[in-house]
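K.L.:
My structure file entry_27.cif, mmCIF, C-alpha atoms, is below:
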data_work
loop_
_atom_site.group_PDB
_atom_site.id
_atom_site.type_symbol
_atom_site.label_atom_id
_atom_site.label_comp_id
_atom_site.auth_asym_id
_atom_site.auth_seq_id
_atom_site.Cartn_x
_atom_site.Cartn_y
_atom_site.Cartn_z
ATOM 1 C CA MET A 1 -166.314 107.546 28.733
ATOM 2 C CA SER A 2 -169.819 108.172 30.067
ATOM 3 C CA VAL A 3 -172.953 107.351 28.085
ATOM 4 C CA ASN A 4 -175.515 110.180 28.131
ATOM 5 C CA TYR A 5 -178.482 108.483 26.485
ATOM 6 C CA GLY A 6 -181.089 106.070 27.750
ATOM 7 C CA SER A 7 -183.082 105.996 30.937
ATOM 8 C CA LYS A 8 -181.349 105.747 34.277
ATOM 9 C CA ARG A 9 -184.507 105.436 36.323
ATOM 10 C CA THR A 10 -185.005 102.361 38.438
ATOM 11 C CA VAL A 11 -188.095 100.437 37.443
ATOM 12 C CA VAL A 12 -190.025 99.479 40.553
ATOM 13 C CA GLY A 13 -193.333 97.805 41.290
ATOM 14 C CA ALA A 14 -194.767 94.362 41.347
ATOM 15 C CA HIS A 15 -194.657 93.920 37.546
ATOM 16 C CA TYR A 16 -198.143 92.531 37.287
ATOM 17 C CA GLY A 17 -199.580 95.028 34.797
ATOM 18 C CA THR A 18 -199.758 92.659 31.831
ATOM 19 C CA ARG A 19 -201.233 89.847 33.896
ATOM 20 C CA ASP A 20 -203.912 92.130 35.332
ATOM 21 C CA PHE A 21 -204.627 93.631 31.906
ATOM 22 C CA LEU A 22 -205.195 90.155 30.467
ATOM 23 C CA ALA A 23 -207.256 89.061 33.478
ATOM 24 C CA GLN A 24 -209.519 92.113 33.179
ATOM 25 C CA ARG A 25 -210.023 91.537 29.452
ATOM 26 C CA SER A 26 -210.621 87.795 29.763
ATOM 27 C CA THR A 27 -213.121 88.197 32.600
ATOM 28 C CA ALA A 28 -214.886 90.917 30.589
ATOM 29 C CA VAL A 29 -215.128 88.568 27.591
ATOM 30 C CA LEU A 30 -216.473 85.796 29.823
ATOM 31 C CA MET A 31 -219.104 88.159 31.260
ATOM 32 C CA ALA A 32 -220.090 89.311 27.756
ATOM 33 C CA LEU A 33 -220.461 85.711 26.542
ATOM 34 C CA TYR A 34 -222.521 84.848 29.612
ATOM 35 C CA THR A 35 -224.789 87.808 28.875
ATOM 36 C CA VAL A 36 -225.379 86.489 25.356
ATOM 37 C CA VAL A 37 -226.149 82.982 26.672
ATOM 38 C CA LEU A 38 -228.520 84.387 29.298
ATOM 39 C CA LEU A 39 -230.249 86.574 26.716
ATOM 40 C CA VAL A 40 -230.762 83.610 24.366
ATOM 41 C CA ARG A 41 -232.119 81.484 27.232
ATOM 42 C CA PHE A 42 -234.401 84.349 28.277
ATOM 43 C CA LEU A 43 -235.737 84.892 24.755
ATOM 44 C CA THR A 44 -236.464 81.188 24.241
ATOM 45 C CA VAL A 45 -238.822 81.138 27.237
ATOM 46 C CA GLY A 46 -242.323 81.431 25.837
ATOM 47 C CA GLY A 47 -244.908 83.761 27.310
ATOM 48 C CA PRO A 48 -244.649 86.049 30.311
ATOM 49 C CA VAL A 49 -241.704 85.395 32.562
ATOM 50 C CA GLY A 50 -242.578 84.584 36.159
ATOM 51 C CA TYR A 51 -240.648 82.901 38.936
ATOM 52 C CA GLU A 52 -241.094 79.400 37.466
ATOM 53 C CA GLN A 53 -239.742 80.426 34.057
ATOM 54 C CA TRP A 54 -236.905 82.424 35.601
ATOM 55 C CA ALA A 55 -235.942 79.491 37.850
ATOM 56 C CA GLY A 56 -236.200 77.219 34.799
ATOM 57 C CA ILE A 57 -233.545 79.264 33.025
ATOM 58 C CA PHE A 58 -231.066 78.388 35.797
ATOM 59 C CA ALA A 59 -232.304 74.823 36.417
ATOM 60 C CA PRO A 60 -229.803 72.949 34.196
ATOM 61 C CA GLN A 61 -226.538 72.123 35.922
ATOM 62 C CA TRP A 62 -224.489 73.620 33.084
ATOM 63 C CA MET A 63 -226.249 76.967 33.542
ATOM 64 C CA LYS A 64 -225.518 76.892 37.269
ATOM 65 C CA PHE A 65 -221.874 76.167 36.488
ATOM 66 C CA LEU A 66 -221.695 79.056 34.000
ATOM 67 C CA THR A 67 -223.336 81.358 36.535
ATOM 68 C CA LEU A 68 -220.850 80.293 39.195
ATOM 69 C CA ALA A 69 -218.019 81.000 36.744
ATOM 70 C CA LEU A 70 -219.594 84.419 36.148
ATOM 71 C CA PHE A 71 -219.659 85.168 39.887
ATOM 72 C CA VAL A 72 -215.979 84.277 40.219
ATOM 73 C CA ALA A 73 -215.049 86.251 37.082
ATOM 74 C CA LEU A 74 -217.043 89.259 38.259
ATOM 75 C CA GLY A 75 -215.380 89.133 41.677
ATOM 76 C CA TRP A 76 -211.910 88.870 40.151
ATOM 77 C CA HIS A 77 -212.670 91.659 37.678
ATOM 78 C CA ALA A 78 -213.940 93.927 40.456
ATOM 79 C CA TRP A 79 -210.993 93.092 42.716
ATOM 80 C CA ILE A 80 -208.420 94.097 40.086
ATOM 81 C CA GLY A 81 -210.189 97.370 39.388
ATOM 82 C CA VAL A 82 -210.809 98.381 43.001
ATOM 83 C CA ARG A 83 -207.338 97.265 44.119
ATOM 84 C CA ASP A 84 -205.784 99.457 41.443
ATOM 85 C CA ILE A 85 -207.880 102.399 42.620
ATOM 86 C CA TRP A 86 -206.723 101.869 46.213
ATOM 87 C CA MET A 87 -203.097 101.534 45.103
ATOM 88 C CA ASP A 88 -203.209 104.658 42.928
ATOM 89 C CA TYR A 89 -205.112 107.053 45.183
ATOM 90 C CA VAL A 90 -204.666 105.941 48.813
ATOM 91 C CA LYS A 91 -201.106 106.659 49.902
ATOM 92 C CA PRO A 92 -201.075 105.725 53.638
ATOM 93 C CA VAL A 93 -200.140 102.037 53.663
ATOM 94 C CA GLY A 94 -202.245 101.138 56.701
ATOM 95 C CA LEU A 95 -205.398 102.717 55.284
ATOM 96 C CA ARG A 96 -204.790 101.133 51.883
ATOM 97 C CA LEU A 97 -204.362 97.697 53.484
ATOM 98 C CA ALA A 98 -207.542 98.155 55.516
ATOM 99 C CA LEU A 99 -209.496 99.164 52.406
ATOM 100 C CA GLN A 100 -208.134 96.193 50.481
ATOM 101 C CA VAL A 101 -209.123 93.790 53.271
ATOM 102 C CA VAL A 102 -212.629 95.296 53.440
ATOM 103 C CA THR A 103 -212.892 94.987 49.651
ATOM 104 C CA ILE A 104 -211.848 91.322 49.713
ATOM 105 C CA VAL A 105 -214.295 90.507 52.503
ATOM 106 C CA TRP A 106 -217.081 92.347 50.672
ATOM 107 C CA LEU A 107 -216.401 90.597 47.341
ATOM 108 C CA VAL A 108 -216.152 87.132 48.921
ATOM 109 C CA GLY A 109 -219.400 87.820 50.774
ATOM 110 C CA CYS A 110 -221.132 88.885 47.558
ATOM 111 C CA ILE A 111 -219.913 85.793 45.708
ATOM 112 C CA GLY A 112 -221.055 83.565 48.589
ATOM 113 C CA TRP A 113 -224.460 85.245 48.639
ATOM 114 C CA GLY A 114 -224.756 84.806 44.875
ATOM 115 C CA ILE A 115 -223.962 81.100 45.202
ATOM 116 C CA GLN A 116 -226.609 80.726 47.918
ATOM 117 C CA VAL A 117 -229.220 82.408 45.730
ATOM 118 C CA LEU A 118 -228.232 80.326 42.709
ATOM 119 C CA TRP A 119 -228.468 76.989 44.484
ATOM 120 C CA ARG A 120 -231.823 77.846 46.063
ATOM 121 C CA LEU A 121 -233.463 78.059 42.631
#
In structure tokens, write the structure found in this file.
P.N.:
Amino acid sequence: MSVNYGSKRTVVGAHYGTRDFLAQRSTAVLMALYTVVLLVRFLTVGGPVGYEQWAGIFAPQWMKFLTLALFVALGWHAWIGVRDIWMDYVKPVGLRLALQVVTIVWLVGCIGWGIQVLWRL
């Protein structure tokens, strides 16, 4: 006897939705916490903020480490979002691969540039 209820569709895909959902949320929380820390550091600087005061905010090693973690989190967050856009809206595989490679190169370049700026302070 044949069963006529339930889904007979084949579930396909890479099955990374939950992992990406959690990664996006955790990186967003990290970026929000960093914003609070940066705001507190900024508000505790007395007087007008010039280059010396701004560089002083990032002078402690722990602040440089947090900023580096922010750069990595921001890159990961952006990668998940842009990759999903490419996967959803660009159907030709070759073009999608090319766009993903350009996105990775761009994000790695931005993170590297951010690290250079951070360690020059």
K.L.:
So what does the PyMOL selection byres ((chain A and resi 30) around 12) actually pick up in this one, as a ChimeraX atom specification?
P.N.:
/A:23-29,31-37,66-74,76-77
K.L.:
Which value, in Å to one decimal, gives the distance between CA of Arg41 in chain A and CA of Ile57 in chain A?
P.N.:
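Distance reported for this atom pair: 6.4 Å.
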K.L.:
Place a sphere of radius 10 Å on (-210.5, 89.5, 48.4) in the file coordinates and name every protein, DNA or RNA residue with an atom inside or on its surface, counting only C-alpha atoms; give the answer as a list of chain:residue names.
P.N.:
A:Gly75, A:Trp76, A:Ala78, A:Trp79, A:Ile80, A:Arg83, A:Gln100, A:Val101, A:Val102, A:Thr103, A:Ile104, A:Val105, A:Trp106, A:Leu107, A:Val108, A:Gly109
K.L.:
Which one is closest to Asp84 in chain A: A:Leu38, A:Ile115, A:Ala55, A:Leu99? Count only C-alpha atoms.
P.N.:
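Comparing A:Leu38, A:Ile115, A:Ala55, A:Leu99 against Asp84 in chain A, the winner is A:Leu99.
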K.L.:
Figure out the distance between CA of Ala98 in chain A and CA of Val117 in chain A, please, to one decimal in Å.
P.N.:
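So the two atoms, CA of Val117 in chain A and CA of Ala98 in chain A, lie 28.5 Å apart.
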K.L.:
Quick check, in Å to one decimal: how far apart do CA of Phe65 in chain A and CA of Leu118 in chain A lie?
P.N.:
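Separation between CA of Phe65 in chain A and CA of Leu118 in chain A: 9.8 Å.
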K.L.:
The residues within 8 Å of (-232.0, 72.0, 39.7), using only C-alpha atoms and the coordinates of the file, should be reported as a VMD selection string; which are they?
P.N.:
chain A and resid 58 to 61 119 121
K.L.:
Hey, could you pull the box centre and edge lengths for range 86-100 of chain A, axis-aligned, 5 Å padding per side, all listed atoms, to one decimal in Å, as JSON?
P.N.:
{"center_x": -204.8, "center_y": 101.6, "center_z": 49.8, "size_x": 19.4, "size_y": 20.9, "size_z": 23.8}
